[in-house]
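K.L.:
Before we start, here is the structure in question, set down as C-alpha cells.
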Amino acid sequence: MRSAVALITASLVLTAAAGAATSSQSRPTLRITVGAPLTLRGAGFASRERVTVRVASDRTRTAKRLRASATGGFTVRFDGVSIYPCTITSIVAVGASGRAAAVKMPPAQCPQPPAP
C-alpha cells in the first residue's frame, strides 16, 4: 500500500513539474496598453531575458532594448510615438532566445491620398 501511495505521489509531482515547464515555455505576447504615447506590455518571455522592441511606421523606425522581469513580462513606453493605424506598419518584440511577439494591427480604414 505504501509503495502505491509513493508511486501516485511521485507521478503527481512529475506531472506538475511537466506542466510548469510547459507553461514557462508559453508563447510570448505583446499588446498596446496606451495609444499616446505608445505604451506596450509584453509577457511570456523568459525570466530576465533581453528583449528588443521595434516600432516601424511609414516615416520612422525606433527601437528600445530592455530586460524582462523575473516573470517574463515588461512594459515599455515610446515617448513621441502615438498609434495611428494608417502610419504604424509593425510593432514587434524579439527576445534574446529568438522568440518573438507582434501586435496584430487591424486593417486600417485610411483615407485615399490626395490626387496629384
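Following the order of the C-alpha cells, chains are lettered A, B, ..., residues in each are numbered from 1, and ligands are numbered from 1.
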Can you write out as JSON lines which residues of segment 33-60 of chain A fall within 7 Å of segment 68-71 of chain A, alongside each residue's closest atom pair and its distance in Å to one decimal, counting only C-alpha atoms and ordering rows by chain and ascending residue number?
P.N.:
```
{"residue": "A:Phe45", "atom": "CA", "partner": "A:Ala68", "partner_atom": "CA", "distance": 6.9}
{"residue": "A:Ser47", "atom": "CA", "partner": "A:Ala70", "partner_atom": "CA", "distance": 4.5}
{"residue": "A:Arg48", "atom": "CA", "partner": "A:Ala68", "partner_atom": "CA", "distance": 4.7}
{"residue": "A:Glu49", "atom": "CA", "partner": "A:Ala68", "partner_atom": "CA", "distance": 5.3}
{"residue": "A:Arg50", "atom": "CA", "partner": "A:Ala68", "partner_atom": "CA", "distance": 6.4}
{"residue": "A:Val51", "atom": "CA", "partner": "A:Ala68", "partner_atom": "CA", "distance": 6.8}
```
K.L.:
Could you please take those selected residues and save C-alpha atoms as a PDB file, in the first residue's frame?
P.N.:
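Result file follows (part-v9.pdb):
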```
ATOM      1  CA  PHE A  45       9.353  35.869 -22.330  1.00  0.00           C
ATOM      2  CA  SER A  47      12.880  35.357 -16.850  1.00  0.00           C
ATOM      3  CA  ARG A  48      15.256  38.353 -17.145  1.00  0.00           C
ATOM      4  CA  GLU A  49      15.515  37.866 -20.921  1.00  0.00           C
ATOM      5  CA  ARG A  50      16.888  40.738 -23.012  1.00  0.00           C
ATOM      6  CA  VAL A  51      14.132  41.945 -25.347  1.00  0.00           C
TER       7      VAL A  51
END
```
K.L.:
Please list as a list of chain:residue names every residue within 9 Å of segment 56-65 of chain A, counting only C-alpha atoms and excluding residues in the same chain fewer than 5 positions away.
P.N.:
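Here the qualifying residues turn out to be A:Arg50, A:Val51, A:Val76, A:Phe78, A:Cys86, A:Thr87, A:Ile88, A:Thr89, A:Ser90, A:Ile91, A:Val92.
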K.L.:
Env of segment 27-31 of chain A: 9 Å cut, atoms = only C-alpha atoms, seq-sep filter 5 positions within chain, self excluded. Answer as a ChimeraX atom specification.
P.N.:
/A:39-46,72,91-93,99-104
K.L.:
Using only C-alpha atoms for the distances, tell me which of A:Thr75, A:Gln112, A:Thr52, A:Ser82 is nearest to Gly95 of chain A.
P.N.:
A:Thr52
